[in-house]
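A.B. asks: Next up, input26.cif (mmCIF, C-alpha atoms).
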```cif
data_entry
loop_
_atom_site.label_atom_id
_atom_site.label_comp_id
_atom_site.auth_asym_id
_atom_site.auth_seq_id
_atom_site.Cartn_x
_atom_site.Cartn_y
_atom_site.Cartn_z
CA MET P 1137 30.90 -33.26 34.73
CA LEU P 1138 29.05 -35.43 37.20
CA ALA P 1139 26.11 -33.09 37.12
CA LEU P 1140 26.05 -33.27 33.33
CA VAL P 1141 26.21 -37.03 33.35
CA SER P 1142 23.39 -37.36 35.84
CA SER P 1143 21.37 -34.80 33.94
CA ALA P 1144 21.83 -36.98 30.86
CA PHE P 1145 20.07 -39.75 32.73
CA VAL P 1146 17.37 -37.41 33.93
CA ALA P 1147 16.93 -36.04 30.41
CA SER P 1148 16.60 -39.56 29.03
CA GLY P 1149 13.91 -40.07 31.64
CA ILE P 1150 14.96 -43.69 31.94
CA ALA P 1151 16.98 -44.13 35.09
CA PRO P 1152 14.62 -42.31 37.47
CA SER P 1153 11.50 -43.96 36.10
CA ALA P 1154 13.14 -47.38 36.29
CA HIS P 1155 13.70 -46.75 39.96
CA ALA P 1156 10.19 -45.48 40.44
CA ASP P 1157 8.77 -48.64 38.84
CA GLN P 1158 10.76 -50.84 41.15
CA GLY P 1159 9.65 -48.70 44.05
CA ALA P 1160 6.04 -49.55 43.36
CA THR P 1161 6.80 -53.26 43.25
CA GLY P 1162 9.38 -53.87 45.89
CA GLY P 1163 9.68 -50.52 47.64
CA LYS P 1164 10.53 -51.32 51.28
CA GLY P 1165 9.39 -54.87 50.55
CA LYS P 1166 5.78 -53.78 50.29
CA TYR P 1167 3.37 -56.34 48.84
CA GLN P 1168 0.64 -55.00 46.57
CA LEU P 1169 -2.26 -57.26 45.75
CA VAL P 1170 -5.21 -56.61 43.45
CA ILE P 1171 -8.08 -59.09 43.90
CA GLN P 1172 -10.69 -59.61 41.17
CA VAL P 1173 -14.34 -60.38 41.96
CA THR P 1174 -16.43 -61.10 38.88
CA GLU P 1175 -19.05 -63.52 40.15
CA ASP P 1176 -22.44 -63.03 41.76
CA ASN P 1177 -21.60 -65.53 44.47
CA PRO P 1178 -21.43 -64.61 48.18
CA LYS P 1179 -19.19 -67.62 48.88
CA LEU P 1180 -16.63 -66.20 46.50
CA TRP P 1181 -17.06 -62.71 48.02
CA ASN P 1182 -16.31 -64.11 51.47
CA LEU P 1183 -13.34 -65.98 50.07
CA ALA P 1184 -11.97 -62.77 48.56
CA LEU P 1185 -12.44 -60.97 51.89
CA ASN P 1186 -10.90 -63.87 53.85
CA ASN P 1187 -7.91 -63.79 51.51
CA ALA P 1188 -7.51 -60.03 51.89
CA PHE P 1189 -7.73 -60.13 55.71
CA ALA P 1190 -5.38 -63.12 55.98
CA PHE P 1191 -2.89 -61.55 53.60
CA GLN P 1192 -2.89 -58.32 55.57
CA ARG P 1193 -2.56 -60.18 58.88
CA ASN P 1194 0.32 -62.32 57.62
CA ILE P 1195 2.28 -59.66 55.79
CA GLY P 1196 1.46 -56.81 58.16
CA LYS P 1197 -0.77 -53.82 57.45
CA ASP P 1198 2.17 -51.48 56.85
CA ASN P 1199 3.88 -53.91 54.50
CA SER P 1200 0.93 -54.56 52.25
CA GLN P 1201 -1.51 -52.71 50.07
CA ILE P 1202 -4.67 -54.50 48.99
CA GLU P 1203 -7.37 -53.59 46.52
CA ILE P 1204 -10.52 -55.55 45.67
CA VAL P 1205 -12.06 -54.79 42.28
CA ALA P 1206 -15.67 -55.85 41.60
CA ILE P 1207 -16.68 -56.22 37.95
CA GLY P 1208 -19.75 -57.46 36.05
CA PRO P 1209 -21.90 -59.80 38.16
CA GLY P 1210 -19.40 -59.25 40.98
CA LEU P 1211 -20.64 -55.67 41.43
CA ASP P 1212 -23.50 -56.97 43.61
CA MET P 1213 -20.88 -57.51 46.33
CA LEU P 1214 -20.63 -53.75 46.75
CA LYS P 1215 -24.31 -52.81 46.69
CA SER P 1216 -25.93 -51.42 49.85
CA GLU P 1217 -27.98 -54.59 50.34
CA SER P 1218 -24.98 -56.91 49.83
CA LYS P 1219 -24.74 -59.98 52.06
CA VAL P 1220 -21.16 -59.07 52.94
CA ARG P 1221 -21.90 -55.41 53.64
CA ASP P 1222 -20.47 -55.49 57.17
CA ARG P 1223 -17.30 -57.21 56.08
CA ILE P 1224 -16.82 -54.62 53.32
CA GLY P 1225 -17.07 -51.96 56.04
CA GLN P 1226 -14.42 -53.81 58.06
CA ALA P 1227 -12.17 -54.02 54.99
CA LEU P 1228 -12.51 -50.27 54.41
CA ASP P 1229 -11.64 -49.68 58.10
CA LYS P 1230 -8.50 -51.74 57.54
CA SER P 1231 -7.49 -49.49 54.60
CA ILE P 1232 -8.31 -52.12 52.00
CA ASP P 1233 -9.30 -50.26 48.85
CA ILE P 1234 -12.70 -51.40 47.57
CA VAL P 1235 -13.28 -50.53 43.94
CA ALA P 1236 -16.35 -50.74 41.69
CA CYS P 1237 -16.23 -50.97 37.89
CA GLY P 1238 -17.76 -47.80 36.43
CA GLU P 1239 -18.50 -49.56 33.11
CA THR P 1240 -20.58 -52.19 34.91
CA MET P 1241 -22.37 -49.48 36.91
CA HIS P 1242 -23.19 -47.64 33.71
CA ALA P 1243 -24.39 -50.82 31.95
CA THR P 1244 -26.55 -51.92 34.89
CA LYS P 1245 -27.78 -48.41 35.81
CA VAL P 1246 -26.20 -48.38 39.24
CA THR P 1247 -25.04 -45.10 40.81
CA LYS P 1248 -22.56 -44.43 43.62
CA ASP P 1249 -25.55 -43.98 45.97
CA ASP P 1250 -26.49 -47.62 45.39
CA LEU P 1251 -23.11 -48.74 46.68
CA ILE P 1252 -21.78 -49.19 50.20
CA GLY P 1253 -20.30 -45.90 51.44
CA GLY P 1254 -16.54 -45.58 50.98
CA VAL P 1255 -16.40 -47.66 47.81
CA ARG P 1256 -14.28 -46.06 45.10
CA VAL P 1257 -15.44 -46.05 41.48
CA ALA P 1258 -12.90 -46.68 38.70
CA PRO P 1259 -13.83 -45.93 35.07
CA GLY P 1260 -13.23 -49.57 34.06
CA GLY P 1261 -12.54 -52.57 36.28
CA LEU P 1262 -10.40 -54.50 33.81
CA ILE P 1263 -8.36 -51.44 32.97
CA GLU P 1264 -7.93 -50.80 36.71
CA ILE P 1265 -6.54 -54.34 37.06
CA ALA P 1266 -4.33 -53.90 34.00
CA ASP P 1267 -2.98 -50.62 35.39
CA LYS P 1268 -2.20 -52.22 38.75
CA GLN P 1269 -0.39 -55.11 37.08
CA ARG P 1270 1.56 -52.66 34.94
CA ALA P 1271 2.58 -50.89 38.15
CA GLY P 1272 3.92 -54.16 39.53
CA TRP P 1273 0.96 -55.33 41.65
CA THR P 1274 0.24 -59.02 42.04
CA TYR P 1275 -3.01 -60.17 40.44
CA TYR P 1276 -5.14 -62.68 42.24
CA ARG P 1277 -8.53 -64.14 41.38
CA PRO P 1278 -10.01 -66.28 44.18
CA MET S 598 32.65 -30.28 25.96
CA LYS S 599 32.66 -32.58 22.93
CA GLN S 600 33.79 -35.40 25.21
CA VAL S 601 31.01 -34.63 27.66
CA LEU S 602 28.47 -34.71 24.85
CA ALA S 603 29.86 -38.03 23.64
CA VAL S 604 29.53 -39.46 27.15
CA MET S 605 25.99 -38.13 27.43
CA THR S 606 25.05 -39.69 24.10
CA LEU S 607 26.60 -42.97 25.15
CA LEU S 608 24.74 -42.90 28.47
CA ALA S 609 21.45 -42.05 26.83
CA GLY S 610 22.01 -45.01 24.51
CA LEU S 611 22.82 -47.31 27.39
CA ALA S 612 19.79 -46.11 29.30
CA GLY S 613 17.71 -46.90 26.23
CA MET S 614 19.09 -50.43 26.14
CA ILE S 615 18.39 -50.91 29.83
CA ALA S 616 14.85 -49.71 29.31
CA ALA S 617 14.21 -52.05 26.38
CA PRO S 618 12.65 -54.92 28.38
CA GLN S 619 10.17 -52.53 29.95
CA ALA S 620 9.42 -51.01 26.59
CA LEU S 621 7.21 -53.94 25.60
CA ALA S 622 4.84 -53.45 28.49
CA GLY S 623 4.79 -49.69 28.24
CA GLU S 624 5.36 -49.27 24.51
CA ALA S 625 3.77 -45.90 23.85
CA GLY S 626 1.29 -46.68 26.61
CA LYS S 627 -0.02 -49.71 24.75
CA TYR S 628 -1.85 -52.31 26.83
CA HIS S 629 -1.17 -56.01 26.38
CA VAL S 630 -3.71 -58.37 27.89
CA VAL S 631 -3.71 -62.17 27.92
CA ILE S 632 -7.03 -63.80 28.87
CA GLN S 633 -7.21 -67.35 30.20
CA VAL S 634 -10.04 -69.76 29.31
CA SER S 635 -9.71 -73.11 31.09
CA GLU S 636 -13.33 -74.04 31.72
CA ASP S 637 -15.83 -75.98 29.63
CA ASN S 638 -18.41 -73.28 30.18
CA PRO S 639 -19.94 -71.17 27.37
CA THR S 640 -20.88 -68.45 29.90
CA GLN S 641 -17.20 -68.03 30.71
CA TRP S 642 -16.29 -68.14 27.01
CA ASN S 643 -18.71 -65.30 26.33
CA LEU S 644 -17.36 -63.37 29.30
CA ALA S 645 -13.81 -63.72 27.96
CA LEU S 646 -14.96 -62.50 24.54
CA ASN S 647 -16.87 -59.61 26.18
CA ASN S 648 -13.71 -58.67 28.09
CA ALA S 649 -11.68 -58.61 24.87
CA GLU S 650 -14.32 -56.52 23.10
CA ASN S 651 -14.74 -54.10 26.00
CA LEU S 652 -10.99 -53.57 26.33
CA GLN S 653 -10.72 -52.75 22.62
CA GLN S 654 -13.69 -50.42 22.86
CA ALA S 655 -12.54 -48.61 26.00
CA LEU S 656 -8.89 -48.25 25.06
CA GLY S 657 -9.13 -48.06 21.29
CA LYS S 658 -8.22 -51.00 19.07
CA GLY S 659 -4.81 -49.55 18.29
CA ASN S 660 -3.92 -49.16 21.96
CA VAL S 661 -4.42 -52.69 23.14
CA GLU S 662 -3.22 -56.11 22.07
CA VAL S 663 -5.43 -58.96 23.29
CA GLU S 664 -4.76 -62.69 23.29
CA ILE S 665 -7.14 -65.41 24.47
CA VAL S 666 -5.50 -68.69 25.49
CA ALA S 667 -7.70 -71.80 25.72
CA TYR S 668 -6.46 -74.93 27.44
CA GLY S 669 -7.70 -77.99 29.29
CA PRO S 670 -11.50 -78.17 29.29
CA GLY S 671 -11.44 -74.62 27.84
CA LEU S 672 -10.09 -75.93 24.52
CA LYS S 673 -13.67 -76.81 23.53
CA MET S 674 -14.22 -73.10 23.01
CA LEU S 675 -12.02 -73.31 19.92
CA LEU S 676 -13.31 -76.53 18.37
CA ALA S 677 -15.18 -76.19 15.07
CA GLY S 678 -18.84 -76.27 16.03
CA SER S 679 -18.23 -74.42 19.30
CA LYS S 680 -21.20 -72.46 20.60
CA VAL S 681 -19.17 -69.25 20.26
CA ALA S 682 -17.61 -70.03 16.85
CA GLY S 683 -19.23 -66.95 15.32
CA ARG S 684 -17.89 -64.69 18.03
CA ILE S 685 -14.42 -66.25 17.76
CA ASN S 686 -14.38 -65.36 14.07
CA GLY S 687 -15.50 -61.84 14.97
CA ALA S 688 -12.69 -61.57 17.52
CA MET S 689 -10.15 -62.73 14.92
CA ASP S 690 -11.47 -60.11 12.52
CA ASN S 691 -10.76 -57.58 15.27
CA SER S 692 -7.15 -58.84 15.52
CA VAL S 693 -7.65 -60.68 18.81
CA ASP S 694 -5.09 -63.49 18.86
CA ILE S 695 -6.87 -66.80 19.53
CA VAL S 696 -4.52 -69.42 20.90
CA ALA S 697 -4.98 -73.15 21.56
CA CYS S 698 -2.87 -75.28 23.90
CA GLY S 699 -0.93 -77.91 21.95
CA THR S 700 -0.54 -80.14 25.01
CA THR S 701 -4.30 -80.26 25.53
CA MET S 702 -4.85 -80.95 21.82
CA LYS S 703 -2.50 -83.94 22.01
CA LYS S 704 -4.27 -85.29 25.09
CA MET S 705 -7.71 -84.83 23.54
CA LYS S 706 -6.46 -86.17 20.18
CA LYS S 707 -7.36 -83.01 18.32
CA THR S 708 -5.51 -81.59 15.34
CA LYS S 709 -5.43 -78.08 13.94
CA ASP S 710 -8.17 -79.22 11.49
CA ASP S 711 -10.53 -79.72 14.44
CA LEU S 712 -10.12 -76.08 15.48
CA ILE S 713 -11.86 -72.96 14.21
CA GLY S 714 -9.76 -71.71 11.28
CA GLY S 715 -7.27 -69.04 12.26
CA SER S 716 -6.63 -70.38 15.75
CA ARG S 717 -2.95 -70.37 16.61
CA VAL S 718 -1.44 -73.41 18.35
CA VAL S 719 1.27 -73.01 21.00
CA PRO S 720 3.16 -75.89 22.65
CA GLY S 721 1.66 -75.20 26.10
CA GLY S 722 -1.12 -72.86 27.23
CA VAL S 723 0.14 -72.27 30.74
CA ILE S 724 3.67 -71.63 29.47
CA GLU S 725 2.21 -69.21 26.91
CA ILE S 726 0.50 -67.28 29.73
CA ALA S 727 3.67 -67.36 31.83
CA ASP S 728 5.74 -66.09 28.90
CA LYS S 729 3.31 -63.25 28.29
CA GLN S 730 3.37 -62.21 31.94
CA ARG S 731 7.16 -62.37 31.94
CA ALA S 732 7.09 -60.05 28.92
CA GLY S 733 5.00 -57.54 30.85
CA TRP S 734 1.50 -58.48 29.68
CA THR S 735 -1.50 -58.11 31.97
CA TYR S 736 -3.10 -61.43 32.92
CA ILE S 737 -6.88 -61.77 33.29
CA ARG S 738 -8.89 -64.84 34.17
CA PRO S 739 -12.57 -63.99 33.69
#
```
Take the structure from the file and write it as structure tokens.
C.D. replies:
Amino acid sequence: MLALVSSAFVASGIAPSAHADQGATGGKGKYQLVIQVTEDNPKLWNLALNNAFAFQRNIGKDNSQIEIVAIGPGLDMLKSESKVRDRIGQALDKSIDIVACGETMHATKVTKDDLIGGVRVAPGGLIEIADKQRAGWTYYRP
Amino acid sequence: MKQVLAVMTLLAGLAGMIAAPQALAGEAGKYHVVIQVSEDNPTQWNLALNNAENLQQALGKGNVEVEIVAYGPGLKMLLAGSKVAGRINGAMDNSVDIVACGTTMKKMKKTKDDLIGGSRVVPGGVIEIADKQRAGWTYIRP
């Protein structure tokens, strides 16, 4: 009987997924932060990086997951010649996920080779941010 | 066995009810995006409109619901005679919900007649954005 009842939940697909959703948000109290960079402005890039480093330091590396998504004019932040190139390298070393918008790359004829090594490419930056928010991540635009 | 089935049906129904609040956000995988415009800056207005267009293009018009909320200095985007009036009309034609902040309108002594036709007025822009986020919408500030 118990097995049947629990299988009813499993079959409905509701109970387990509800738990999974909460796991992404508050699982073990983990903070998940997605940071948007959409401006061609090194001051703002440094601010985004400062925020990411401070957040990680304050919350603890194991208790937080951070992703920086660069879109539109913000993509310059992730190019090989970027003014914050070294700090991007440091962020990658600290397991901060650095993500480039594939749509912007396509529109501005930029390839993965033009970007700092270790940068991940998502098909679309806005959709990446939407997906993270849907998964319970906190959205932050410096 | 009949009893067991009845219990299973009941549980599946309950699970469905529990899931209902999440259903809005994840309704058949549909995306819901609310875009904030709070600056008196036509470049930002165009960026917001680009974002709305790109989301509809990338996801398919039927798979995404987009709302642009203008408040504070951003309200100027929706005044008749706005530099992006043509694009606002185009967005409305594409079922993008264009929303003006009633509190800002009061402060700036504007009425619905001063706005581009078809703009929707809500009591407060920030509250509108908060309500959308509470209902599971993705929040974007370009």
A.B. asks: Which is closer to Gly1165 in chain P than all the others in P:Arg1221, P:Gly1196, P:Asn1187, P:Pro1178, using all atoms listed in the file?
C.D. replies: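 When distances to Gly1165 in chain P are compared using all atoms listed in the file, the smallest one comes from P:Gly1196.
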A.B. asks: For Lys704 in chain S, which residue out of S:Tyr628, S:Trp642, S:Tyr736, S:Tyr668 is the nearest one, using all atoms listed in the file?
C.D. replies: S:Tyr668
A.B. asks: When you count only C-alpha atoms, which of these residues is closest to Ile724 in chain S: S:Arg738, S:Gly659, S:Asp690, S:Val666?
C.D. replies: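 When distances to Ile724 in chain S are compared using only C-alpha atoms, the smallest one comes from S:Val666.
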A.B. asks: Selection in question (the file shown): the PyMOL selection byres ((chain S and resi 677) around 6). Which residues does it include, as a list of chain:residue names?
C.D. replies: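 Residues picked by the PyMOL selection byres ((chain S and resi 677) around 6): S:Leu676, S:Gly678, S:Ser679, S:Asp711, S:Leu712, S:Ile713.
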A.B. asks: Between P:Gln1269, P:Thr1274, P:Asn1177, P:Gln1192, single out the one closest to chain S, counting all atoms listed in the file.
C.D. replies: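 When distances to chain S are compared using all atoms listed in the file, the smallest one comes from P:Gln1269.
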A.B. asks: Of the candidates P:Asp1267, P:Asp1229, P:Asp1198, P:Asp1212, which shows the shortest atom-to-atom distance to chain S, using all atoms listed in the file?
C.D. replies: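 The answer is P:Asp1267, which sits nearest to chain S.
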A.B. asks: Using all atoms listed in the file, can you list as a ChimeraX atom specification the residues within 12 Å of (-23.8, -59.7, 52.7)?
C.D. replies: /P:1176-1182,1185,1212-1225,1252
A.B. asks: Which polymer residues, protein or nucleic acid, are no farther than 12 Å from (-17.2, -49.2, 42.8), counting all atoms listed in the file, as a compact mmCIF listing (two decimals) with C-alpha atoms, in the frame of the given file?
C.D. replies:
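Below is the file result-v2.txt, written as the result:
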```
# COMPACT_ATOMS: atom_id res chain seq x y z
CA VAL P 1173 -14.34 -60.38 41.96
CA GLU P 1203 -7.37 -53.59 46.52
CA ILE P 1204 -10.52 -55.55 45.67
CA VAL P 1205 -12.06 -54.79 42.28
CA ALA P 1206 -15.67 -55.85 41.60
CA ILE P 1207 -16.68 -56.22 37.95
CA GLY P 1208 -19.75 -57.46 36.05
CA GLY P 1210 -19.40 -59.25 40.98
CA LEU P 1211 -20.64 -55.67 41.43
CA ASP P 1212 -23.50 -56.97 43.61
CA MET P 1213 -20.88 -57.51 46.33
CA LEU P 1214 -20.63 -53.75 46.75
CA LYS P 1215 -24.31 -52.81 46.69
CA SER P 1216 -25.93 -51.42 49.85
CA ILE P 1224 -16.82 -54.62 53.32
CA ASP P 1233 -9.30 -50.26 48.85
CA ILE P 1234 -12.70 -51.40 47.57
CA VAL P 1235 -13.28 -50.53 43.94
CA ALA P 1236 -16.35 -50.74 41.69
CA CYS P 1237 -16.23 -50.97 37.89
CA GLY P 1238 -17.76 -47.80 36.43
CA GLU P 1239 -18.50 -49.56 33.11
CA THR P 1240 -20.58 -52.19 34.91
CA MET P 1241 -22.37 -49.48 36.91
CA HIS P 1242 -23.19 -47.64 33.71
CA VAL P 1246 -26.20 -48.38 39.24
CA THR P 1247 -25.04 -45.10 40.81
CA LYS P 1248 -22.56 -44.43 43.62
CA ASP P 1249 -25.55 -43.98 45.97
CA ASP P 1250 -26.49 -47.62 45.39
CA LEU P 1251 -23.11 -48.74 46.68
CA ILE P 1252 -21.78 -49.19 50.20
CA GLY P 1253 -20.30 -45.90 51.44
CA GLY P 1254 -16.54 -45.58 50.98
CA VAL P 1255 -16.40 -47.66 47.81
CA ARG P 1256 -14.28 -46.06 45.10
CA VAL P 1257 -15.44 -46.05 41.48
CA ALA P 1258 -12.90 -46.68 38.70
CA PRO P 1259 -13.83 -45.93 35.07
CA GLY P 1260 -13.23 -49.57 34.06
CA GLY P 1261 -12.54 -52.57 36.28
CA GLU P 1264 -7.93 -50.80 36.71
```
A.B. asks: Can you tell me how far CA of Ile1232 in chain P sits from CA of Gly1272 in chain P, in Å to one decimal?
C.D. replies: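 Computed distance, CA of Ile1232 in chain P to CA of Gly1272 in chain P, equals 17.6 Å.
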A.B. asks: First collect every listed atom of range 1251-1268 of chain P; then fit an axis-aligned box around them, widen it by 3 Å on each side, and give centre and edge lengths in Å to one decimal, as AutoDock Vina command-line options.
C.D. replies:
```
--center_x -12.7 --center_y -50.0 --center_z 42.2 --size_x 26.9 --size_y 14.9 --size_z 24.5
```
A.B. asks: One number please: CA of Gly699 in chain S to CA of Glu1175 in chain P, in Å, one decimal.
C.D. replies: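 Between these atoms lies a distance of 29.4 Å.
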A.B. asks: Can you work out the spacing between CA of Lys627 in chain S and CA of Ala688 in chain S in Å, to one decimal?
C.D. replies: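 Here the two named atoms are 18.8 Å from each other.
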A.B. asks: For each of S:Gln730, S:Thr640, S:Asn691, S:Thr735, take the minimum atom-to-atom distance to chain P, counting all atoms listed in the file, then give the residue where this is smallest.
C.D. replies: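 With all atoms listed in the file as the atom set, the closest residue is S:Thr735.
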A.B. asks: If the PyMOL selection byres ((chain S and resi 652) around 10) is run on the structure shown, which residues does it catch, given as a PDB file with C-alpha atoms, keeping the file's coordinate frame?
C.D. replies:
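Writing the result to out_6.pdb gives the following:
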```pdb
ATOM      1  CA  GLY P1260     -13.230 -49.570  34.060  1.00  0.00           C
ATOM      2  CA  LEU P1262     -10.400 -54.500  33.810  1.00  0.00           C
ATOM      3  CA  ILE P1263      -8.360 -51.440  32.970  1.00  0.00           C
TER       4      ILE P1263
ATOM      5  CA  TYR S 628      -1.850 -52.310  26.830  1.00  0.00           C
ATOM      6  CA  VAL S 630      -3.710 -58.370  27.890  1.00  0.00           C
ATOM      7  CA  LEU S 646     -14.960 -62.500  24.540  1.00  0.00           C
ATOM      8  CA  ASN S 647     -16.870 -59.610  26.180  1.00  0.00           C
ATOM      9  CA  ASN S 648     -13.710 -58.670  28.090  1.00  0.00           C
ATOM     10  CA  ALA S 649     -11.680 -58.610  24.870  1.00  0.00           C
ATOM     11  CA  GLU S 650     -14.320 -56.520  23.100  1.00  0.00           C
ATOM     12  CA  ASN S 651     -14.740 -54.100  26.000  1.00  0.00           C
ATOM     13  CA  GLN S 653     -10.720 -52.750  22.620  1.00  0.00           C
ATOM     14  CA  GLN S 654     -13.690 -50.420  22.860  1.00  0.00           C
ATOM     15  CA  ALA S 655     -12.540 -48.610  26.000  1.00  0.00           C
ATOM     16  CA  LEU S 656      -8.890 -48.250  25.060  1.00  0.00           C
ATOM     17  CA  GLY S 657      -9.130 -48.060  21.290  1.00  0.00           C
ATOM     18  CA  LYS S 658      -8.220 -51.000  19.070  1.00  0.00           C
ATOM     19  CA  ASN S 660      -3.920 -49.160  21.960  1.00  0.00           C
ATOM     20  CA  VAL S 661      -4.420 -52.690  23.140  1.00  0.00           C
ATOM     21  CA  GLU S 662      -3.220 -56.110  22.070  1.00  0.00           C
ATOM     22  CA  VAL S 663      -5.430 -58.960  23.290  1.00  0.00           C
TER      23      VAL S 663
END
```
A.B. asks: Run the PyMOL selection byres ((chain S and resi 695-697) around 9) mentally over the shown coordinates, then write out the matched residues as a ChimeraX atom specification, using the chain letters and numbers from the document.
C.D. replies: /S:663-668,672,675,685,688-689,692-694,698-702,712,715-722
A.B. asks: What's the 10 Å shell around Asn643 in chain S, counting all atoms listed in the file, without same-chain residues fewer than 6 positions away, as number ranges by chain?
C.D. replies: S: 649, 674, 680-681, 684-685, 739
A.B. asks: Would you mind listing what lies within 8 Å of Lys1166 in chain P as a list in words, with only C-alpha atoms counted and same-chain residues fewer than 5 positions away left out?
C.D. replies: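 Neighbouring residues, sequence-local ones excluded: Thr1161, Asp1198, Asn1199, Ser1200 and Gln1201 of chain P.
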